[in-house]
$ cat query_15.txt   # compact mmCIF, C-alpha atoms
# COMPACT_ATOMS: atom_id res chain seq x y z
CA ASP W 189 36.25 24.40 10.56
CA SER W 190 36.77 27.17 13.13
CA GLY W 191 33.38 26.75 14.75
CA VAL W 192 32.36 30.30 13.82
CA THR W 193 29.47 30.49 11.37
CA GLN W 194 28.49 33.38 9.14
CA THR W 195 25.46 33.82 6.94
CA PRO W 196 24.92 34.44 4.15
CA LYS W 197 28.08 33.33 2.31
CA HIS W 198 27.38 35.62 -0.63
CA LEU W 199 25.18 38.66 -1.02
CA ILE W 200 24.49 40.72 -4.12
CA THR W 201 22.49 43.88 -3.72
CA ALA W 202 22.03 47.34 -5.17
CA THR W 203 23.24 50.74 -4.09
CA GLY W 204 21.06 52.35 -1.46
CA GLN W 205 19.89 49.06 -0.03
CA ARG W 206 20.30 47.67 3.51
CA VAL W 207 21.62 44.23 4.44
CA THR W 208 22.20 42.27 7.63
CA LEU W 209 25.12 39.92 8.13
CA ARG W 210 24.92 37.33 10.86
CA CYS W 211 27.62 35.67 12.95
CA SER W 212 27.44 32.86 15.48
CA PRO W 213 30.57 32.57 17.64
CA ARG W 214 32.24 29.36 18.80
CA SER W 215 30.60 27.71 21.74
CA GLY W 216 31.83 29.40 24.93
CA ASP W 217 33.28 32.46 23.22
CA LEU W 218 32.01 35.75 24.62
CA SER W 219 33.79 38.16 22.31
CA VAL W 220 32.87 38.90 18.70
CA TYR W 221 34.87 41.02 16.27
CA TRP W 222 33.82 42.31 12.84
CA TYR W 223 36.32 43.03 10.07
CA GLN W 224 36.10 44.28 6.50
CA GLN W 225 38.56 43.06 3.87
CA SER W 226 38.80 44.97 0.62
CA LEU W 227 41.49 45.04 -2.04
CA ASP W 228 42.47 48.66 -1.42
CA GLN W 229 42.09 48.82 2.38
CA GLY W 230 43.21 45.38 3.48
CA LEU W 231 41.79 43.95 6.71
CA GLN W 232 40.14 46.67 8.77
CA PHE W 233 38.76 46.27 12.26
CA LEU W 234 35.18 47.51 12.50
CA ILE W 235 33.83 46.77 15.97
CA GLN W 236 34.08 44.40 18.93
CA TYR W 237 31.51 43.15 21.42
CA TYR W 238 32.03 41.28 24.65
CA ASN W 239 29.09 39.52 26.26
CA GLY W 240 26.61 41.90 24.66
CA GLU W 241 28.50 45.13 25.28
CA GLU W 242 30.40 47.18 22.74
CA ARG W 243 34.07 47.22 23.72
CA ALA W 244 35.91 48.86 20.82
CA LYS W 245 35.03 50.68 17.66
CA GLY W 246 37.36 51.03 14.71
CA ASN W 247 36.87 52.35 11.19
CA ILE W 248 33.16 51.69 11.11
CA LEU W 249 31.05 54.03 9.02
CA GLU W 250 27.99 55.71 10.53
CA ARG W 251 25.88 53.84 7.96
CA PHE W 252 27.00 50.59 9.62
CA SER W 253 25.82 49.32 12.99
CA ALA W 254 26.16 46.11 14.93
CA GLN W 255 24.92 44.40 18.04
CA GLN W 256 25.47 41.25 20.04
CA PHE W 257 22.40 39.48 21.33
CA PRO W 258 21.88 37.63 24.66
CA ASP W 259 22.56 34.29 22.94
CA LEU W 260 25.90 35.86 21.86
CA HIS W 261 25.27 35.83 18.13
CA SER W 262 26.00 39.12 16.43
CA GLU W 263 24.61 41.02 13.48
CA LEU W 264 26.24 43.68 11.34
CA ASN W 265 23.82 46.01 9.59
CA LEU W 266 24.95 47.91 6.52
CA SER W 267 22.64 50.59 5.17
CA SER W 268 22.56 53.06 2.28
CA LEU W 269 25.01 50.80 0.54
CA GLU W 270 27.56 52.23 -1.86
CA LEU W 271 29.70 50.54 -4.49
CA GLY W 272 32.73 50.94 -2.23
CA ASP W 273 31.12 48.78 0.45
CA SER W 274 31.71 45.72 -1.71
CA ALA W 275 34.10 43.58 0.31
CA LEU W 276 34.54 40.43 2.33
CA TYR W 277 33.14 40.82 5.83
CA PHE W 278 34.58 38.57 8.50
CA CYS W 279 33.42 37.82 11.97
CA ALA W 280 35.83 36.38 14.55
CA SER W 281 35.26 35.17 18.08
CA SER W 282 37.43 34.61 21.12
CA ARG W 283 37.02 33.50 24.74
CA GLY W 284 37.59 37.04 25.92
CA GLY W 285 39.02 40.27 24.71
CA GLY W 286 42.55 39.70 23.56
CA ALA W 287 42.44 35.91 23.39
CA THR W 288 43.11 33.88 20.26
CA GLN W 289 40.67 34.86 17.52
CA TYR W 290 38.90 32.32 15.34
CA PHE W 291 37.51 33.57 12.06
CA GLY W 292 34.34 32.61 10.28
CA PRO W 293 34.30 31.90 6.52
CA GLY W 294 33.19 35.45 5.73
CA THR W 295 30.33 37.02 3.80
CA ARG W 296 31.19 38.28 0.34
CA LEU W 297 29.13 41.40 -0.39
CA LEU W 298 28.80 42.79 -3.87
CA VAL W 299 27.01 46.11 -4.30
CA LEU W 300 25.93 46.84 -7.88
CA GLY S 1345 46.39 53.69 15.58
CA ILE S 1346 49.28 51.24 15.49
CA GLN S 1347 51.10 50.94 12.17
CA VAL S 1348 51.96 47.39 11.15
CA GLU S 1349 54.43 46.67 8.37
CA GLN S 1350 55.05 43.21 6.97
CA SER S 1351 57.89 42.10 4.77
CA PRO S 1352 58.45 40.89 2.21
CA PRO S 1353 55.16 41.68 0.47
CA ASP S 1354 55.57 38.73 -1.89
CA LEU S 1355 57.58 35.55 -1.69
CA ILE S 1356 57.95 32.65 -4.11
CA LEU S 1357 59.58 29.48 -2.84
CA GLN S 1358 60.44 26.09 -4.14
CA GLU S 1359 58.83 23.30 -2.14
CA GLY S 1360 61.11 22.28 0.71
CA ALA S 1361 62.67 25.71 1.17
CA ASN S 1362 62.64 27.70 4.40
CA SER S 1363 61.44 31.28 4.84
CA THR S 1364 61.21 34.06 7.40
CA LEU S 1365 58.39 36.59 7.43
CA ARG S 1366 58.69 39.76 9.43
CA CYS S 1367 56.16 42.01 11.18
CA ASN S 1368 57.17 45.43 12.56
CA PHE S 1369 54.82 47.51 14.64
CA SER S 1370 54.94 51.14 15.69
CA ASP S 1371 53.82 51.00 19.32
CA SER S 1372 53.91 48.76 22.38
CA VAL S 1373 51.50 45.86 22.12
CA ASN S 1374 50.19 43.28 24.53
CA ASN S 1375 48.68 41.05 21.89
CA LEU S 1376 50.08 39.73 18.61
CA GLN S 1377 48.60 37.03 16.44
CA TRP S 1378 49.69 35.47 13.15
CA PHE S 1379 47.11 34.30 10.64
CA HIS S 1380 47.19 32.41 7.36
CA GLN S 1381 44.60 33.22 4.71
CA ASN S 1382 44.39 30.28 2.35
CA PRO S 1383 43.58 30.62 -1.36
CA TRP S 1384 39.89 30.03 -0.56
CA GLY S 1385 39.83 33.06 1.73
CA GLN S 1386 39.66 31.31 5.08
CA LEU S 1387 41.66 32.98 7.87
CA ILE S 1388 43.32 30.54 10.23
CA ASN S 1389 45.02 31.46 13.46
CA LEU S 1390 48.60 30.22 13.59
CA PHE S 1391 49.98 31.74 16.77
CA TYR S 1392 48.99 33.91 19.70
CA ILE S 1393 52.41 35.30 20.60
CA PRO S 1394 52.66 38.65 22.41
CA SER S 1395 56.22 37.76 23.41
CA GLY S 1396 58.66 34.88 23.33
CA THR S 1397 58.90 31.92 20.97
CA LYS S 1398 56.43 29.22 20.03
CA GLN S 1399 56.60 26.28 17.67
CA ASN S 1400 53.90 24.28 15.96
CA GLY S 1401 55.20 21.63 13.60
CA ARG S 1402 57.05 23.26 10.73
CA LEU S 1403 56.03 26.73 11.85
CA SER S 1404 57.53 28.78 14.61
CA ALA S 1405 57.22 32.38 15.69
CA THR S 1406 59.22 34.78 17.80
CA THR S 1407 58.11 38.14 19.13
CA VAL S 1408 60.55 40.65 20.60
CA ALA S 1409 58.08 43.09 22.09
CA THR S 1410 60.72 45.52 23.36
CA GLU S 1411 62.03 45.94 19.81
CA ARG S 1412 58.57 45.91 18.25
CA TYR S 1413 58.86 43.06 15.80
CA SER S 1414 57.79 39.49 15.28
CA LEU S 1415 59.10 36.79 12.96
CA LEU S 1416 57.29 33.81 11.49
CA TYR S 1417 59.48 30.93 10.32
CA ILE S 1418 58.26 28.36 7.85
CA SER S 1419 60.51 25.36 7.35
CA SER S 1420 60.36 22.70 4.63
CA SER S 1421 57.59 24.61 2.87
CA GLN S 1422 54.76 22.74 1.15
CA THR S 1423 52.34 23.85 -1.54
CA THR S 1424 49.60 23.95 1.10
CA ASP S 1425 51.51 26.76 2.81
CA SER S 1426 50.61 29.08 -0.08
CA GLY S 1427 48.40 32.02 0.75
CA VAL S 1428 48.72 35.30 2.61
CA TYR S 1429 50.20 35.58 6.07
CA PHE S 1430 48.96 38.39 8.30
CA CYS S 1431 50.21 39.75 11.55
CA ALA S 1432 47.67 41.48 13.83
CA VAL S 1433 48.47 43.51 16.93
CA SER S 1434 46.64 45.24 19.73
CA ASN S 1435 47.54 47.20 22.84
CA THR S 1436 44.08 46.83 24.38
CA GLY S 1437 43.02 43.33 23.43
CA ASN S 1438 39.98 44.84 21.80
CA GLN S 1439 40.91 46.79 18.66
CA PHE S 1440 43.30 44.96 16.35
CA TYR S 1441 45.49 46.34 13.58
CA PHE S 1442 46.45 44.11 10.69
CA GLY S 1443 49.46 44.37 8.44
CA THR S 1444 49.10 44.27 4.66
CA GLY S 1445 50.33 40.69 4.61
CA THR S 1446 52.99 38.58 2.92
CA SER S 1447 51.76 36.66 -0.10
CA LEU S 1448 53.52 33.30 -0.26
CA THR S 1449 53.53 31.02 -3.28
CA VAL S 1450 55.15 27.60 -2.93
CA ILE S 1451 56.01 25.95 -6.22
CA PRO S 1452 56.21 22.15 -6.46

$ encode --input "query_15.txt" --output "structure tokens"
Amino acid sequence: DSGVTQTPKHLITATGQRVTLRCSPRSGDLSVYWYQQSLDQGLQFLIQYYNGEERAKGNILERFSAQQFPDLHSELNLSSLELGDSALYFCASSRGGGATQYFGPGTRLLVL
Amino acid sequence: GIQVEQSPPDLILQEGANSTLRCNFSDSVNNLQWFHQNPWGQLINLFYIPSGTKQNGRLSATTVATERYSLLYISSSQTTDSGVYFCAVSNTGNQFYFGTGTSLTVIP
């Protein structure tokens, strides 16, 4: 157990819908990263937050948004979902930017 | 972004064999991490190794940053070593680039 929790574990929804994925980092970790893992794209960095502030943005679609709250948990919002958004979404946390990353178990999203 | 290439893409080993996995990257980095994704999908950090050599039990890793590559050595492989091994790099500590992984199968 990495100490990083993600909910829900599985999510099935329809095209056009909106979902929210939640991540709680390890105790003491200030940095949260979001990644998408799909069969055709591999592991792609989406966005990183450090102590509530956005620090880096990767291949994140405009339909996706994220935030980190004062208690350091983070949420990834996916809207106007398309079939191609079906993937495993991971959250990772670290003490600070660049430190060892610890991954949560992931949320498996299926868009029908 | 930084291009990360891992080789070989697939590897099948008999239990007890040794192996070397390679990660090449296209730009200078100040952060490199190796991960193992087990068959249940969990990603586990193996090493934080921007340079130098580290060992942890049967696993060791070496990064030669000036030549832009890292190696992961697995000795006396066990069936529990099966899964996909990823290398991830960054030159900012914020945005990370992952390779496509090496899929390892260890046969009893």

$ residues_around --input "query_15.txt" --residues "segment 1413-1428 of chain S" --least-positions-apart "3" --cutoff "8 Å" --atoms "only C-alpha atoms" --output "NGL selection string"
:S and (1357-1369 or 1378 or 1380-1383 or 1402-1409 or 1445-1452)

$ write_last_selection --input "query_15.txt" --atoms "C-alpha atoms" --output "PDB file, in the frame of the given file"
ATOM      1  CA  LEU S1357      59.580  29.480  -2.840  1.00  0.00           C
ATOM      2  CA  GLN S1358      60.440  26.090  -4.140  1.00  0.00           C
ATOM      3  CA  GLU S1359      58.830  23.300  -2.140  1.00  0.00           C
ATOM      4  CA  GLY S1360      61.110  22.280   0.710  1.00  0.00           C
ATOM      5  CA  ALA S1361      62.670  25.710   1.170  1.00  0.00           C
ATOM      6  CA  ASN S1362      62.640  27.700   4.400  1.00  0.00           C
ATOM      7  CA  SER S1363      61.440  31.280   4.840  1.00  0.00           C
ATOM      8  CA  THR S1364      61.210  34.060   7.400  1.00  0.00           C
ATOM      9  CA  LEU S1365      58.390  36.590   7.430  1.00  0.00           C
ATOM     10  CA  ARG S1366      58.690  39.760   9.430  1.00  0.00           C
ATOM     11  CA  CYS S1367      56.160  42.010  11.180  1.00  0.00           C
ATOM     12  CA  ASN S1368      57.170  45.430  12.560  1.00  0.00           C
ATOM     13  CA  PHE S1369      54.820  47.510  14.640  1.00  0.00           C
ATOM     14  CA  TRP S1378      49.690  35.470  13.150  1.00  0.00           C
ATOM     15  CA  HIS S1380      47.190  32.410   7.360  1.00  0.00           C
ATOM     16  CA  GLN S1381      44.600  33.220   4.710  1.00  0.00           C
ATOM     17  CA  ASN S1382      44.390  30.280   2.350  1.00  0.00           C
ATOM     18  CA  PRO S1383      43.580  30.620  -1.360  1.00  0.00           C
ATOM     19  CA  ARG S1402      57.050  23.260  10.730  1.00  0.00           C
ATOM     20  CA  LEU S1403      56.030  26.730  11.850  1.00  0.00           C
ATOM     21  CA  SER S1404      57.530  28.780  14.610  1.00  0.00           C
ATOM     22  CA  ALA S1405      57.220  32.380  15.690  1.00  0.00           C
ATOM     23  CA  THR S1406      59.220  34.780  17.800  1.00  0.00           C
ATOM     24  CA  THR S1407      58.110  38.140  19.130  1.00  0.00           C
ATOM     25  CA  VAL S1408      60.550  40.650  20.600  1.00  0.00           C
ATOM     26  CA  ALA S1409      58.080  43.090  22.090  1.00  0.00           C
ATOM     27  CA  GLY S1445      50.330  40.690   4.610  1.00  0.00           C
ATOM     28  CA  THR S1446      52.990  38.580   2.920  1.00  0.00           C
ATOM     29  CA  SER S1447      51.760  36.660  -0.100  1.00  0.00           C
ATOM     30  CA  LEU S1448      53.520  33.300  -0.260  1.00  0.00           C
ATOM     31  CA  THR S1449      53.530  31.020  -3.280  1.00  0.00           C
ATOM     32  CA  VAL S1450      55.150  27.600  -2.930  1.00  0.00           C
ATOM     33  CA  ILE S1451      56.010  25.950  -6.220  1.00  0.00           C
ATOM     34  CA  PRO S1452      56.210  22.150  -6.460  1.00  0.00           C
TER      35      PRO S1452
END

$ residues_around --input "query_15.txt" --residues "Leu234 of chain W" --least-positions-apart "4" --cutoff "8 Å" --atoms "all atoms listed in the file" --output "list in words"
Tyr221, Trp222, Tyr223, Gln224, Lys245, Gly246, Asn247 and Ile248 of chain W

$ residues_around --input "query_15.txt" --residues "Leu264 of chain W" --least-positions-apart "2" --cutoff "8 Å" --atoms "all atoms listed in the file" --output "list in words"
Thr208, Leu209, Arg210, Trp222, Phe252, Ser253, Ala254, Gln255, Ser262 and Leu266 of chain W

$ closest_atom_pairs --input "query_15.txt" --of "chain W" --to "chain S" --cutoff "7 Å" --atoms "all atoms listed in the file" --output "JSON lines"
{"residue": "W:Gly230", "atom": "CA", "partner": "S:Thr1444", "partner_atom": "CA", "distance": 6.1}
{"residue": "W:Leu231", "atom": "CA", "partner": "S:Phe1442", "partner_atom": "CA", "distance": 6.1}
{"residue": "W:Phe233", "atom": "CA", "partner": "S:Phe1440", "partner_atom": "CA", "distance": 6.2}
{"residue": "W:Gln236", "atom": "CA", "partner": "S:Asn1438", "partner_atom": "CA", "distance": 6.6}
{"residue": "W:Arg243", "atom": "CA", "partner": "S:Asn1438", "partner_atom": "CA", "distance": 6.7}
{"residue": "W:Ala244", "atom": "CA", "partner": "S:Asn1438", "partner_atom": "CA", "distance": 5.8}
{"residue": "W:Gly246", "atom": "CA", "partner": "S:Gln1439", "partner_atom": "CA", "distance": 6.8}
{"residue": "W:Gly285", "atom": "CA", "partner": "S:Gly1437", "partner_atom": "CA", "distance": 5.2}
{"residue": "W:Gly286", "atom": "CA", "partner": "S:Gly1437", "partner_atom": "CA", "distance": 3.7}
{"residue": "W:Thr288", "atom": "CA", "partner": "S:Tyr1392", "partner_atom": "CA", "distance": 5.9}
{"residue": "W:Gln289", "atom": "CA", "partner": "S:Asn1389", "partner_atom": "CA", "distance": 6.9}
{"residue": "W:Tyr290", "atom": "CA", "partner": "S:Asn1389", "partner_atom": "CA", "distance": 6.5}
{"residue": "W:Phe291", "atom": "CA", "partner": "S:Leu1387", "partner_atom": "CA", "distance": 5.9}
{"residue": "W:Pro293", "atom": "CA", "partner": "S:Gln1386", "partner_atom": "CA", "distance": 5.6}

$ atom_distance --input "query_15.txt" --atom1 "atom CA of Val220 of chain W" --atom2 "atom CA of Asp1371 of chain S"
24.2 Å

$ atom_distance --input "query_15.txt" --atom1 "atom CA of Tyr238 of chain W" --atom2 "atom CA of Val192 of chain W"
15.4 Å

$ residues_around --input "query_15.txt" --residues "Ser226 of chain W" --least-positions-apart "5" --cutoff "9 Å" --atoms "all atoms listed in the file" --output "MDAnalysis selection string"
chainID W and resid 231:232 272:277

$ atom_distance --input "query_15.txt" --atom1 "atom CA of Leu199 of chain W" --atom2 "atom CA of Ala280 of chain W"
19.0 Å

$ closest_residue --input "query_15.txt" --among "W:Leu227, W:Ala202, W:Leu218, W:Leu297" --to "Ser281 of chain W" --atoms "all atoms listed in the file"
W:Leu218
